[in-house]
file work_5.cif (mmCIF, C-alpha atoms)
data_run
loop_
_atom_site.label_atom_id
_atom_site.label_comp_id
_atom_site.auth_asym_id
_atom_site.auth_seq_id
_atom_site.Cartn_x
_atom_site.Cartn_y
_atom_site.Cartn_z
CA MET T 1145 -52.27 30.93 -13.69
CA LEU T 1146 -48.81 32.30 -13.23
CA GLU T 1147 -46.52 31.35 -10.41
CA LEU T 1148 -44.99 34.63 -9.38
CA MET T 1149 -42.48 33.49 -6.86
CA PRO T 1150 -41.57 29.84 -6.61
CA ASP T 1151 -40.77 30.34 -2.96
CA VAL T 1152 -42.76 32.99 -1.14
CA PHE T 1153 -40.28 33.10 1.64
CA SER T 1154 -37.17 33.58 -0.40
CA PRO T 1155 -35.57 36.17 1.84
CA ASP T 1156 -33.78 38.02 -0.94
CA PHE T 1157 -34.51 39.17 -4.43
CA THR T 1158 -32.76 36.42 -6.30
CA VAL T 1159 -34.72 34.48 -8.88
CA TYR T 1160 -33.92 30.80 -8.44
CA ARG T 1161 -34.50 29.36 -11.83
CA ASP T 1162 -32.36 28.01 -14.62
CA ASP T 1163 -35.09 28.35 -17.18
CA TYR T 1164 -35.81 32.02 -17.29
CA GLU T 1165 -35.63 32.19 -21.09
CA ASP T 1166 -38.59 29.77 -21.12
CA PHE T 1167 -40.19 31.89 -18.44
CA PHE T 1168 -39.82 35.00 -20.62
CA THR T 1169 -41.36 33.19 -23.60
CA TYR T 1170 -44.29 32.28 -21.36
CA ILE T 1171 -44.60 35.90 -20.22
CA ASP T 1172 -44.66 37.06 -23.85
CA GLU T 1173 -47.44 34.58 -24.65
CA LEU T 1174 -49.49 35.78 -21.69
CA ASN T 1175 -48.96 39.38 -22.76
CA GLN T 1176 -50.09 38.60 -26.31
CA HIS T 1177 -53.40 37.46 -24.87
CA ASN T 1178 -53.63 40.42 -22.47
CA LEU T 1179 -53.64 38.08 -19.51
CA LEU T 1180 -51.12 39.98 -17.43
CA PRO T 1181 -51.94 43.12 -15.48
CA LYS T 1182 -50.09 46.36 -16.19
CA TYR T 1183 -49.19 46.58 -12.53
CA PHE T 1184 -50.04 45.14 -9.14
CA THR T 1185 -52.12 46.98 -6.56
CA ALA T 1186 -49.40 46.44 -3.92
CA PRO T 1187 -46.06 44.68 -3.58
CA VAL T 1188 -46.13 40.90 -3.50
CA PHE T 1189 -42.94 40.79 -1.44
CA ILE T 1190 -41.17 43.35 0.74
CA LEU T 1191 -37.56 43.25 1.84
CA TRP T 1192 -37.68 45.37 4.95
CA GLU T 1193 -34.34 46.50 6.32
CA ILE T 1194 -35.36 47.60 9.79
CA THR T 1195 -31.86 48.60 10.89
CA SER T 1196 -28.37 49.34 9.67
CA LYS T 1197 -26.86 48.29 12.99
CA CYS T 1198 -24.81 45.12 12.88
CA PRO T 1199 -22.29 43.50 15.22
CA LEU T 1200 -20.32 42.23 12.21
CA ASN T 1201 -18.58 44.09 9.43
CA CYS T 1202 -18.64 41.71 6.46
CA LEU T 1203 -16.29 42.30 3.55
CA TYR T 1204 -19.11 42.33 1.04
CA CYS T 1205 -22.15 43.83 2.79
CA TYR T 1206 -24.36 45.25 0.05
CA ASN T 1207 -25.69 48.09 2.18
CA ASN T 1208 -22.46 48.77 4.00
CA SER T 1209 -23.74 47.88 7.48
CA PRO T 1210 -23.00 48.75 10.17
CA LYS T 1211 -23.60 52.41 9.48
CA LYS T 1212 -25.26 55.26 11.28
CA VAL T 1213 -28.49 56.40 9.72
CA ASP T 1214 -31.62 58.07 11.02
CA GLU T 1215 -33.58 54.93 11.74
CA LEU T 1216 -37.32 54.91 12.13
CA THR T 1217 -38.94 54.77 15.56
CA THR T 1218 -40.83 51.75 16.88
CA GLU T 1219 -44.08 53.60 16.35
CA GLN T 1220 -43.18 54.32 12.73
CA LEU T 1221 -42.22 50.68 12.12
CA LEU T 1222 -45.52 49.55 13.61
CA GLN T 1223 -47.31 51.96 11.32
CA ILE T 1224 -45.53 50.37 8.34
CA ALA T 1225 -46.58 46.93 9.58
CA GLU T 1226 -50.20 48.12 9.68
CA GLU T 1227 -49.95 49.32 6.10
CA ILE T 1228 -48.40 46.03 5.02
CA GLY T 1229 -51.38 44.24 6.56
CA LYS T 1230 -53.84 46.58 4.91
CA LEU T 1231 -52.24 46.12 1.50
CA LYS T 1232 -52.20 42.31 1.88
CA VAL T 1233 -48.54 41.89 1.07
CA PHE T 1234 -47.83 38.18 0.66
CA ALA T 1235 -44.38 37.94 2.13
CA VAL T 1236 -42.09 40.13 4.20
CA CYS T 1237 -38.48 39.52 5.06
CA LEU T 1238 -37.14 41.42 8.05
CA SER T 1239 -33.56 42.22 7.22
CA GLY T 1240 -30.83 44.66 8.16
CA GLY T 1241 -28.00 45.15 9.16
CA GLU T 1242 -28.75 42.56 11.77
CA PRO T 1243 -32.49 42.87 12.38
CA SER T 1244 -32.31 41.43 15.89
CA ALA T 1245 -30.01 44.33 16.83
CA ARG T 1246 -33.15 46.43 17.21
CA PRO T 1247 -34.72 46.02 20.67
CA ASP T 1248 -38.20 46.18 19.09
CA PHE T 1249 -37.45 43.41 16.57
CA PHE T 1250 -39.90 40.92 18.09
CA THR T 1251 -42.52 43.63 18.61
CA ILE T 1252 -42.54 44.25 14.86
CA ALA T 1253 -42.51 40.52 14.11
CA GLU T 1254 -45.41 39.94 16.50
CA ARG T 1255 -47.49 42.64 14.83
CA LEU T 1256 -46.88 41.09 11.41
CA LEU T 1257 -47.90 37.71 12.79
CA ASP T 1258 -51.10 39.22 14.23
CA LEU T 1259 -51.81 40.68 10.80
CA LYS T 1260 -51.26 37.19 9.30
CA ILE T 1261 -48.45 38.38 7.03
CA PRO T 1262 -46.07 35.51 6.24
CA THR T 1263 -42.73 36.71 7.52
CA SER T 1264 -39.19 35.45 7.31
CA THR T 1265 -35.94 36.91 8.57
CA ILE T 1266 -32.20 36.88 8.14
CA THR T 1267 -29.61 36.72 10.91
CA ASN T 1268 -25.89 36.34 11.38
CA GLY T 1269 -26.61 34.48 14.61
CA TRP T 1270 -24.56 36.76 16.82
CA ASN T 1271 -27.34 37.69 19.25
CA ILE T 1272 -29.19 34.39 19.43
CA ASP T 1273 -29.74 32.59 22.71
CA SER T 1274 -32.22 29.91 23.63
CA ASP T 1275 -35.06 32.31 24.54
CA LYS T 1276 -34.62 34.34 21.39
CA ALA T 1277 -34.58 31.20 19.27
CA LYS T 1278 -37.98 30.30 20.72
CA ASN T 1279 -39.29 33.71 19.69
CA TYR T 1280 -37.97 33.16 16.15
CA ALA T 1281 -39.89 29.89 16.06
CA LYS T 1282 -43.03 31.70 17.20
CA TYR T 1283 -42.92 34.59 14.74
CA PHE T 1284 -41.17 33.42 11.59
CA GLN T 1285 -42.03 30.90 8.92
CA SER T 1286 -38.40 30.63 7.92
CA VAL T 1287 -35.04 31.92 9.07
CA GLN T 1288 -31.91 32.39 7.00
CA VAL T 1289 -28.54 32.26 8.72
CA SER T 1290 -25.42 33.52 6.97
CA LEU T 1291 -22.58 31.04 6.93
CA ASP T 1292 -19.56 32.01 4.89
CA GLY T 1293 -17.23 29.13 5.62
CA PRO T 1294 -17.01 25.64 7.08
CA ASN T 1295 -14.84 26.79 9.98
CA ALA T 1296 -14.03 29.83 12.11
CA GLU T 1297 -10.84 30.58 10.23
CA ILE T 1298 -12.63 31.24 6.94
CA HIS T 1299 -16.01 32.48 8.15
CA ASP T 1300 -14.59 34.96 10.69
CA LYS T 1301 -12.19 36.36 8.10
CA VAL T 1302 -15.03 37.14 5.67
CA ARG T 1303 -17.33 38.44 8.40
CA ARG T 1304 -14.48 40.26 10.12
CA ARG T 1305 -15.33 39.34 13.68
CA GLU T 1306 -13.81 36.63 15.80
CA GLY T 1307 -16.38 34.23 17.21
CA SER T 1308 -18.94 34.87 14.49
CA PHE T 1309 -18.70 31.32 13.09
CA ASP T 1310 -19.28 29.69 16.47
CA ARG T 1311 -22.27 31.93 17.09
CA ALA T 1312 -23.78 31.28 13.65
CA VAL T 1313 -23.52 27.51 14.14
CA ARG T 1314 -24.91 27.78 17.66
CA ALA T 1315 -27.83 29.82 16.33
CA ILE T 1316 -28.66 27.16 13.74
CA LYS T 1317 -28.62 24.49 16.45
CA LEU T 1318 -30.85 26.60 18.72
CA PHE T 1319 -33.27 27.23 15.86
CA LYS T 1320 -33.42 23.49 15.21
CA GLU T 1321 -34.09 22.80 18.88
CA SER T 1322 -36.84 25.44 18.83
CA GLY T 1323 -38.61 23.58 16.06
CA ILE T 1324 -38.15 25.94 13.11
CA ASP T 1325 -38.76 23.78 10.05
CA ARG T 1326 -37.27 25.97 7.42
CA ILE T 1327 -33.77 27.06 8.27
CA SER T 1328 -31.83 28.13 5.26
CA VAL T 1329 -28.21 29.10 5.01
CA SER T 1330 -26.82 31.70 2.67
CA PHE T 1331 -23.22 31.57 1.56
CA ALA T 1332 -21.67 34.73 0.11
CA ALA T 1333 -18.79 33.67 -2.11
CA THR T 1334 -15.61 35.73 -1.98
CA VAL T 1335 -12.08 34.85 -3.05
CA HIS T 1336 -11.42 33.72 0.54
CA ASN T 1337 -14.14 31.11 0.80
CA ILE T 1338 -15.42 30.10 -2.63
CA ASP T 1339 -13.36 26.88 -2.70
CA SER T 1340 -14.69 25.84 0.68
CA PHE T 1341 -18.29 25.60 -0.53
CA PRO T 1342 -18.35 21.76 -0.64
CA SER T 1343 -17.29 21.69 3.01
CA VAL T 1344 -20.09 24.15 3.83
CA VAL T 1345 -22.49 21.74 2.12
CA GLU T 1346 -21.29 18.97 4.44
CA LEU T 1347 -21.60 21.19 7.48
CA CYS T 1348 -25.15 22.19 6.52
CA GLN T 1349 -26.07 18.54 6.11
CA ASP T 1350 -24.71 17.79 9.56
CA LEU T 1351 -26.64 20.72 11.01
CA GLY T 1352 -29.86 19.61 9.31
CA VAL T 1353 -30.66 22.88 7.51
CA SER T 1354 -33.25 22.81 4.71
CA SER T 1355 -31.48 24.77 2.02
CA LEU T 1356 -28.14 26.29 1.18
CA ARG T 1357 -28.13 29.10 -1.32
CA THR T 1358 -25.44 31.07 -3.01
CA GLN T 1359 -25.09 33.35 -6.00
CA PRO T 1360 -22.56 35.59 -7.70
CA LEU T 1361 -21.68 38.38 -5.31
CA VAL T 1362 -23.40 41.63 -6.24
CA ILE T 1363 -20.72 44.26 -6.47
CA ILE T 1364 -22.42 47.07 -4.61
CA GLY T 1365 -21.97 48.59 -1.16
CA ARG T 1366 -18.88 47.24 0.58
CA ALA T 1367 -18.39 44.60 -2.09
CA GLY T 1368 -17.90 47.54 -4.46
CA ILE T 1369 -15.25 49.03 -2.20
CA ASN T 1370 -13.58 45.64 -1.67
CA HIS T 1371 -13.99 44.54 -5.27
CA GLN T 1372 -10.66 42.69 -5.15
CA GLU T 1373 -12.46 40.16 -2.92
CA VAL T 1374 -14.97 39.29 -5.64
CA PRO T 1375 -14.29 35.93 -7.32
CA THR T 1376 -13.74 35.75 -11.07
CA LYS T 1377 -16.35 34.73 -13.58
CA GLU T 1378 -14.57 31.37 -13.95
CA GLN T 1379 -14.65 30.76 -10.20
CA PHE T 1380 -18.36 31.44 -10.09
CA GLU T 1381 -18.90 29.19 -13.10
CA LYS T 1382 -17.04 26.39 -11.33
CA LEU T 1383 -19.20 26.87 -8.25
CA ARG T 1384 -22.34 26.82 -10.34
CA GLU T 1385 -21.18 23.65 -12.06
CA TYR T 1386 -20.52 22.03 -8.70
CA ILE T 1387 -24.07 22.84 -7.59
CA ARG T 1388 -25.55 21.57 -10.86
CA ASN T 1389 -23.63 18.30 -10.66
CA THR T 1390 -24.39 17.79 -6.99
CA LYS T 1391 -28.09 18.35 -7.68
CA LYS T 1392 -27.96 15.87 -10.57
CA GLU T 1393 -26.51 13.26 -8.25
CA GLY T 1394 -29.56 13.73 -6.05
CA GLN T 1395 -30.37 15.79 -3.04
CA LYS T 1396 -27.87 15.91 -0.24
CA GLY T 1397 -30.09 14.32 2.38
CA CYS T 1398 -32.72 16.91 3.24
CA LEU T 1399 -30.49 19.75 2.08
CA GLU T 1400 -31.53 21.57 -1.04
CA LEU T 1401 -28.85 23.49 -2.94
CA GLU T 1402 -29.87 26.70 -4.65
CA TRP T 1403 -28.00 28.80 -7.14
CA GLY T 1404 -29.29 32.32 -7.58
CA ASP T 1405 -28.80 34.75 -10.38
CA PRO T 1406 -29.09 38.40 -9.38
CA VAL T 1407 -28.97 39.51 -13.01
CA SER T 1408 -32.03 37.41 -13.84
CA HIS T 1409 -33.88 39.40 -11.21
CA ILE T 1410 -33.05 42.61 -13.08
CA ARG T 1411 -33.88 41.04 -16.45
CA THR T 1412 -37.19 39.76 -15.12
CA GLY T 1413 -38.09 43.22 -13.86
CA LEU T 1414 -37.22 44.84 -17.17
CA ARG T 1415 -39.11 42.20 -19.14
CA LEU T 1416 -42.25 42.26 -17.00
CA GLY T 1417 -42.29 46.05 -16.67
CA PHE T 1418 -44.28 45.82 -13.47
CA SER T 1419 -42.74 45.27 -10.08
CA LEU T 1420 -43.42 42.43 -7.71
CA SER T 1421 -41.29 43.54 -4.85
CA MET T 1422 -40.13 46.51 -2.86
CA ARG T 1423 -37.26 47.28 -0.55
CA ILE T 1424 -37.61 49.51 2.50
CA THR T 1425 -34.31 50.82 3.87
CA ALA T 1426 -33.56 51.49 7.53
CA GLU T 1427 -34.07 55.22 6.88
CA GLY T 1428 -37.46 54.50 5.31
CA PHE T 1429 -36.56 54.96 1.66
CA LEU T 1430 -38.47 52.86 -0.86
CA SER T 1431 -36.76 51.25 -3.83
CA LEU T 1432 -37.23 48.44 -6.33
CA THR T 1433 -34.37 46.24 -5.24
CA PRO T 1434 -30.98 46.44 -3.53
CA TYR T 1435 -29.45 45.91 -6.97
CA ALA T 1436 -30.84 49.13 -8.44
CA PRO T 1437 -29.86 52.25 -6.50
CA TYR T 1438 -32.94 54.33 -7.22
CA ILE T 1439 -35.11 55.78 -4.48
CA MET T 1440 -38.75 56.14 -5.41
CA GLY T 1441 -40.41 57.22 -2.20
CA HIS T 1442 -40.25 57.36 1.58
CA VAL T 1443 -42.46 55.68 4.14
CA LEU T 1444 -42.96 58.95 5.99
CA LYS T 1445 -44.07 60.75 2.85
CA GLY T 1446 -47.26 58.99 1.88
CA GLY T 1447 -46.29 55.52 3.02
CA ILE T 1448 -45.82 52.35 1.03
CA GLN T 1449 -48.99 52.79 -0.98
CA GLN T 1450 -48.10 56.22 -2.30
CA GLY T 1451 -44.53 55.17 -3.14
CA TRP T 1452 -45.93 52.15 -4.95
CA GLU T 1453 -48.56 54.07 -6.88
CA LYS T 1454 -46.34 57.01 -7.74
CA GLY T 1455 -43.49 55.05 -9.20
CA LEU T 1456 -42.47 51.67 -7.83
CA ARG T 1457 -45.22 49.53 -9.30
CA THR T 1458 -43.93 50.27 -12.81
CA GLY T 1459 -40.48 51.36 -11.69
CA TRP T 1460 -38.67 49.11 -14.18
CA LEU T 1461 -40.18 51.20 -16.96
CA HIS T 1462 -38.72 54.47 -15.65
CA PRO T 1463 -36.53 55.77 -18.49
CA ARG T 1464 -33.40 56.08 -16.38
CA VAL T 1465 -33.86 52.70 -14.69
CA LYS T 1466 -34.54 51.06 -18.04
CA GLU T 1467 -31.57 52.66 -19.75
CA GLU T 1468 -29.03 51.91 -17.01
CA MET T 1469 -30.29 48.50 -15.96
CA SER T 1470 -30.53 47.26 -19.54
CA LYS T 1471 -26.74 47.53 -19.75
CA ILE T 1472 -26.30 44.91 -17.04
CA SER T 1473 -25.60 41.45 -18.35
CA SER T 1474 -23.46 40.16 -15.50
CA ILE T 1475 -22.60 41.09 -11.92
CA TYR T 1476 -19.44 42.73 -13.22
CA ASP T 1477 -21.59 45.28 -15.05
CA ILE T 1478 -23.31 46.16 -11.77
CA GLN T 1479 -19.92 47.34 -10.56
CA TYR T 1480 -20.12 50.39 -12.80
CA LEU T 1481 -22.98 51.56 -10.62
CA ASP T 1482 -20.77 51.38 -7.57
CA ASP T 1483 -20.51 55.10 -6.87
CA LYS T 1484 -24.26 55.38 -7.24
CA ALA T 1485 -24.84 52.42 -4.96
CA LEU T 1486 -23.26 54.38 -2.16
CA SER T 1487 -25.17 57.54 -2.92
CA TYR T 1488 -28.66 56.67 -4.07
CA VAL T 1489 -30.33 58.44 -6.94
CA HIS T 1490 -33.70 59.94 -6.09
CA LEU T 1491 -36.13 59.59 -8.97
CA MET F 537 -73.46 16.02 -8.71
CA ILE F 538 -74.37 18.91 -6.38
CA GLY F 539 -71.43 20.22 -4.49
CA TYR F 540 -70.07 23.42 -3.12
CA PRO F 541 -66.56 24.52 -4.09
CA LYS F 542 -65.00 26.60 -1.36
CA ARG F 543 -61.79 28.61 -1.14
CA MET F 544 -59.35 27.31 1.44
CA PRO F 545 -58.31 29.89 4.05
CA THR F 546 -55.39 31.91 2.70
CA LEU F 547 -54.26 35.44 1.97
CA TRP F 548 -55.64 36.68 -1.35
CA ARG F 549 -56.49 39.98 -2.97
CA TRP F 550 -58.00 41.47 -6.09
CA ASP F 551 -55.13 42.74 -8.18
CA GLY F 552 -54.05 44.51 -11.35
CA GLU F 553 -54.99 47.93 -12.71
CA ASP F 554 -58.66 47.03 -13.00
CA GLU F 555 -58.66 44.75 -9.94
CA LYS F 556 -59.94 41.82 -11.97
CA HIS F 557 -56.92 39.59 -11.41
CA ILE F 558 -56.41 37.77 -8.13
CA THR F 559 -53.16 37.02 -6.37
CA LEU F 560 -53.09 34.44 -3.61
CA ILE F 561 -50.80 32.30 -1.54
CA VAL F 562 -51.17 28.60 -2.21
CA GLN F 563 -50.46 27.14 1.20
CA LYS F 564 -49.65 23.67 -0.10
CA THR F 565 -46.76 24.87 -2.26
CA MET F 566 -46.10 28.11 -0.38
CA SER F 567 -46.12 30.00 -3.64
CA VAL F 568 -47.84 33.15 -4.82
CA GLN F 569 -50.10 32.62 -7.80
CA LEU F 570 -51.61 35.16 -10.15
CA LEU F 571 -55.00 34.37 -11.65
CA ASN F 572 -56.13 36.01 -14.88
CA PRO F 573 -59.59 37.66 -14.77
CA THR F 574 -61.54 34.56 -15.86
CA ALA F 575 -59.69 32.26 -13.48
CA ALA F 576 -60.03 34.90 -10.76
CA TYR F 577 -63.79 34.99 -11.18
CA ILE F 578 -64.05 31.21 -10.85
CA TYR F 579 -61.89 31.32 -7.71
CA TYR F 580 -63.98 34.17 -6.31
CA CYS F 581 -67.20 32.24 -6.94
CA CYS F 582 -65.92 29.39 -4.77
CA ASP F 583 -67.58 30.82 -1.68
CA GLY F 584 -69.02 27.57 -0.35
CA GLU F 585 -72.52 28.76 -1.17
CA LYS F 586 -72.64 28.49 -4.94
CA THR F 587 -72.88 25.08 -6.55
CA LEU F 588 -70.85 24.07 -9.57
CA ASP F 589 -74.01 24.56 -11.64
CA ASP F 590 -74.47 28.06 -10.21
CA ILE F 591 -70.96 28.99 -11.30
CA ILE F 592 -71.51 27.54 -14.76
CA GLU F 593 -74.75 29.52 -15.06
CA LEU F 594 -72.95 32.72 -14.11
CA PHE F 595 -70.41 32.10 -16.87
CA LEU F 596 -73.13 31.31 -19.38
CA LYS F 597 -74.65 34.72 -18.68
CA LYS F 598 -71.25 36.39 -18.98
CA TYR F 599 -69.90 34.68 -22.09
CA ASN F 600 -71.60 33.69 -25.27
CA VAL F 601 -70.14 30.20 -25.33
CA GLU F 602 -71.75 26.79 -25.58
CA LYS F 603 -72.63 25.21 -22.19
CA GLY F 604 -70.61 22.04 -22.71
CA ARG F 605 -67.46 24.01 -23.33
CA ILE F 606 -67.98 26.23 -20.28
CA THR F 607 -68.75 23.23 -18.07
CA GLN F 608 -65.57 21.52 -19.21
CA ASP F 609 -63.41 24.62 -18.71
CA VAL F 610 -64.83 25.44 -15.27
CA LYS F 611 -64.46 21.82 -14.10
CA GLU F 612 -60.93 21.62 -15.44
CA PHE F 613 -59.86 24.77 -13.64
CA LEU F 614 -61.66 23.77 -10.44
CA ASN F 615 -59.85 20.44 -10.54
CA PHE F 616 -56.60 22.35 -10.81
CA LEU F 617 -57.51 24.54 -7.83
CA ILE F 618 -58.46 21.42 -5.85
CA SER F 619 -55.20 19.70 -6.80
CA ILE F 620 -53.08 22.58 -5.47
CA GLY F 621 -55.21 22.84 -2.34
CA ALA F 622 -56.56 26.32 -3.11
CA VAL F 623 -60.17 25.11 -3.17
CA CYS F 624 -62.00 22.22 -1.57
CA TYR F 625 -65.13 20.64 -2.95
CA GLU F 626 -67.74 19.14 -0.70
CA HIS F 627 -70.58 16.90 -1.74
CA ASN F 628 -73.02 15.59 0.88
CA GLY F 629 -70.51 16.43 3.60
CA HIS F 630 -67.69 14.51 1.91
CA SER F 631 -64.74 16.16 0.25
CA VAL F 632 -64.24 15.28 -3.40
CA ASN F 633 -60.76 15.18 -4.92
CA LYS F 634 -61.79 15.41 -8.54
CA LEU F 635 -64.79 16.58 -10.50
CA THR F 636 -65.79 14.26 -13.29
#

call {"tool": "encode", "arguments": {"input": "work_5.cif", "output": "structure tokens"}}
result
Amino acid sequence: MLELMPDVFSPDFTVYRDDYEDFFTYIDELNQHNLLPKYFTAPVFILWEITSKCPLNCLYCYNNSPKKVDELTTEQLLQIAEEIGKLKVFAVCLSGGEPSARPDFFTIAERLLDLKIPTSTITNGWNIDSDKAKNYAKYFQSVQVSLDGPNAEIHDKVRRREGSFDRAVRAIKLFKESGIDRISVSFAATVHNIDSFPSVVELCQDLGVSSLRTQPLVIIGRAGINHQEVPTKEQFEKLREYIRNTKKEGQKGCLELEWGDPVSHIRTGLRLGFSLSMRITAEGFLSLTPYAPYIMGHVLKGGIQQGWEKGLRTGWLHPRVKEEMSKISSIYDIQYLDDKALSYVHL
Amino acid sequence: MIGYPKRMPTLWRWDGEDEKHITLIVQKTMSVQLLNPTAAYIYYCCDGEKTLDDIIELFLKKYNVEKGRITQDVKEFLNFLISIGAVCYEHNGHSVNKLT
């Protein structure tokens, strides 16, 4: 029995484990005994970017939101939801842009709930009021709010919109009041806020969130353009050490601290050969992950199933993906893909 | 002991290139688990209608292995499935936490 994803509802592609060398050894042993499949019949997890609209303009946004793209219609999104149900996908994360910026956001969420697909979502909190928070509680198993600083001065600078901190904090409070059990916070570390992480930990404890996660910033999209905002390797190492030590001291109340490693996600994909997850962009393109800028299908050309069967399910074995992704040993190597990240390669 | 192992309600599917693996969500841990073909078949047999002996018999027909060994392996894996809440085991209307 192999645990594929320690947390089904992890709303991004980061692998949260410190022991992935052990994990790889285990994978090799399973492969020696032919116990692993060559591929999966459908994705286990889908990151579904339903929009590129966003009221904020964060320094580091990996898909450069807000941007104008030909977004899919409500009917097309509902069709995707049906296919997700049919394929028995185990977890979906509705993402963006800011997913709630789409007027049909809850319509899509409701359909996924009817289909019994475990769904989570990400928000910057900008649009959340009391009624909306109740809808989040109804439709989502977990919600992740982005919080990039312990105060408005830092957070608003990174997210480049005044008032965004106050709204993010208000959203967390409204989600709590609405009874959402699993509220996680993600913290994107830039040179402006990385030293304030311990204060964000305190704030999250006060707010009663379940987990606070961070990781080295992936240098793609706007983080590629604003690469001067990316912390150094030493700064990230210090942050990682802080998290390790804090965890050793024991949990911070009910708050769990998580350190992600985007490179381990790539290494896992290359090592396994088969894919577990899929990303759907706001335009309907299908790809392996936000970290690998290769398009392998479109929802309007054969749907998820065809994209999966024609390439994605073993996408890590594609010669070009394998060759280019194998060169990545740290987030700073992802930077060399920057120009490609902004203009995807169709395979 | 006559009892009926039964899968707990969850999302699961046949998986892999030959659809002999099973992937499922374990509600208790909220994790996705992959079962290899043998484990998948045991899980599949837990339909609430087959007894433990029925499942062991099915495996005896399928594999040329001594009964004691199969009984031990099936019980061991069923105990694991029970411990993670993927399967429940009922005997005379009472749920059993561990097969002995």

call {"tool": "residues_around", "arguments": {"input": "work_5.cif", "residues": "range 1291-1300 of chain T", "least_positions_apart": "5", "cutoff": "10 Å", "atoms": "all atoms listed in the file", "output": "PDB file with C-alpha atoms, keeping the file's coordinate frame"}}
result
ATOM      1  CA  LEU T1200     -20.320  42.230  12.210  1.00  0.00           C
ATOM      2  CA  CYS T1202     -18.640  41.710   6.460  1.00  0.00           C
ATOM      3  CA  THR T1267     -29.610  36.720  10.910  1.00  0.00           C
ATOM      4  CA  ASN T1268     -25.890  36.340  11.380  1.00  0.00           C
ATOM      5  CA  GLY T1269     -26.610  34.480  14.610  1.00  0.00           C
ATOM      6  CA  ARG T1305     -15.330  39.340  13.680  1.00  0.00           C
ATOM      7  CA  GLU T1306     -13.810  36.630  15.800  1.00  0.00           C
ATOM      8  CA  GLY T1307     -16.380  34.230  17.210  1.00  0.00           C
ATOM      9  CA  SER T1308     -18.940  34.870  14.490  1.00  0.00           C
ATOM     10  CA  PHE T1309     -18.700  31.320  13.090  1.00  0.00           C
ATOM     11  CA  ASP T1310     -19.280  29.690  16.470  1.00  0.00           C
ATOM     12  CA  ARG T1311     -22.270  31.930  17.090  1.00  0.00           C
ATOM     13  CA  ALA T1312     -23.780  31.280  13.650  1.00  0.00           C
ATOM     14  CA  VAL T1313     -23.520  27.510  14.140  1.00  0.00           C
ATOM     15  CA  ILE T1316     -28.660  27.160  13.740  1.00  0.00           C
ATOM     16  CA  SER T1328     -31.830  28.130   5.260  1.00  0.00           C
ATOM     17  CA  VAL T1329     -28.210  29.100   5.010  1.00  0.00           C
ATOM     18  CA  SER T1330     -26.820  31.700   2.670  1.00  0.00           C
ATOM     19  CA  PHE T1331     -23.220  31.570   1.560  1.00  0.00           C
ATOM     20  CA  ALA T1332     -21.670  34.730   0.110  1.00  0.00           C
ATOM     21  CA  ALA T1333     -18.790  33.670  -2.110  1.00  0.00           C
ATOM     22  CA  THR T1334     -15.610  35.730  -1.980  1.00  0.00           C
ATOM     23  CA  HIS T1336     -11.420  33.720   0.540  1.00  0.00           C
ATOM     24  CA  ASN T1337     -14.140  31.110   0.800  1.00  0.00           C
ATOM     25  CA  ILE T1338     -15.420  30.100  -2.630  1.00  0.00           C
ATOM     26  CA  ASP T1339     -13.360  26.880  -2.700  1.00  0.00           C
ATOM     27  CA  SER T1340     -14.690  25.840   0.680  1.00  0.00           C
ATOM     28  CA  PHE T1341     -18.290  25.600  -0.530  1.00  0.00           C
ATOM     29  CA  PRO T1342     -18.350  21.760  -0.640  1.00  0.00           C
ATOM     30  CA  SER T1343     -17.290  21.690   3.010  1.00  0.00           C
ATOM     31  CA  VAL T1344     -20.090  24.150   3.830  1.00  0.00           C
ATOM     32  CA  VAL T1345     -22.490  21.740   2.120  1.00  0.00           C
ATOM     33  CA  GLU T1346     -21.290  18.970   4.440  1.00  0.00           C
ATOM     34  CA  LEU T1347     -21.600  21.190   7.480  1.00  0.00           C
ATOM     35  CA  CYS T1348     -25.150  22.190   6.520  1.00  0.00           C
ATOM     36  CA  LEU T1356     -28.140  26.290   1.180  1.00  0.00           C
ATOM     37  CA  THR T1358     -25.440  31.070  -3.010  1.00  0.00           C
TER      38      THR T1358
END

call {"tool": "resolve_selection", "arguments": {"input": "work_5.cif", "expression": "the PyMOL selection byres ((chain F) within 9 of (chain T))", "output": "compact mmCIF listing (two decimals) with C-alpha atoms, in the coordinates of the input"}}
result
# COMPACT_ATOMS: atom_id res chain seq x y z
CA LEU F 547 -54.26 35.44 1.97
CA TRP F 548 -55.64 36.68 -1.35
CA ARG F 549 -56.49 39.98 -2.97
CA TRP F 550 -58.00 41.47 -6.09
CA ASP F 551 -55.13 42.74 -8.18
CA GLY F 552 -54.05 44.51 -11.35
CA GLU F 553 -54.99 47.93 -12.71
CA ASP F 554 -58.66 47.03 -13.00
CA GLU F 555 -58.66 44.75 -9.94
CA LYS F 556 -59.94 41.82 -11.97
CA HIS F 557 -56.92 39.59 -11.41
CA THR F 559 -53.16 37.02 -6.37
CA LEU F 560 -53.09 34.44 -3.61
CA ILE F 561 -50.80 32.30 -1.54
CA THR F 565 -46.76 24.87 -2.26
CA MET F 566 -46.10 28.11 -0.38
CA SER F 567 -46.12 30.00 -3.64
CA VAL F 568 -47.84 33.15 -4.82
CA GLN F 569 -50.10 32.62 -7.80
CA LEU F 570 -51.61 35.16 -10.15
CA LEU F 571 -55.00 34.37 -11.65
CA ASN F 572 -56.13 36.01 -14.88
CA PRO F 573 -59.59 37.66 -14.77
CA ALA F 575 -59.69 32.26 -13.48

call {"tool": "residues_around", "arguments": {"input": "work_5.cif", "residues": "Leu635 in chain F", "least_positions_apart": "5", "cutoff": "12 Å", "atoms": "only C-alpha atoms", "output": "list of chain:residue names"}}
result
F:Met537, F:Ile538, F:Gly539, F:Tyr540, F:Pro541, F:Leu588, F:Thr607, F:Gln608, F:Asp609, F:Val610, F:Lys611, F:Glu612, F:Phe613, F:Leu614, F:Asn615, F:Phe616, F:Leu617, F:Ile618, F:Ser619, F:Cys624, F:Tyr625, F:Glu626, F:His627
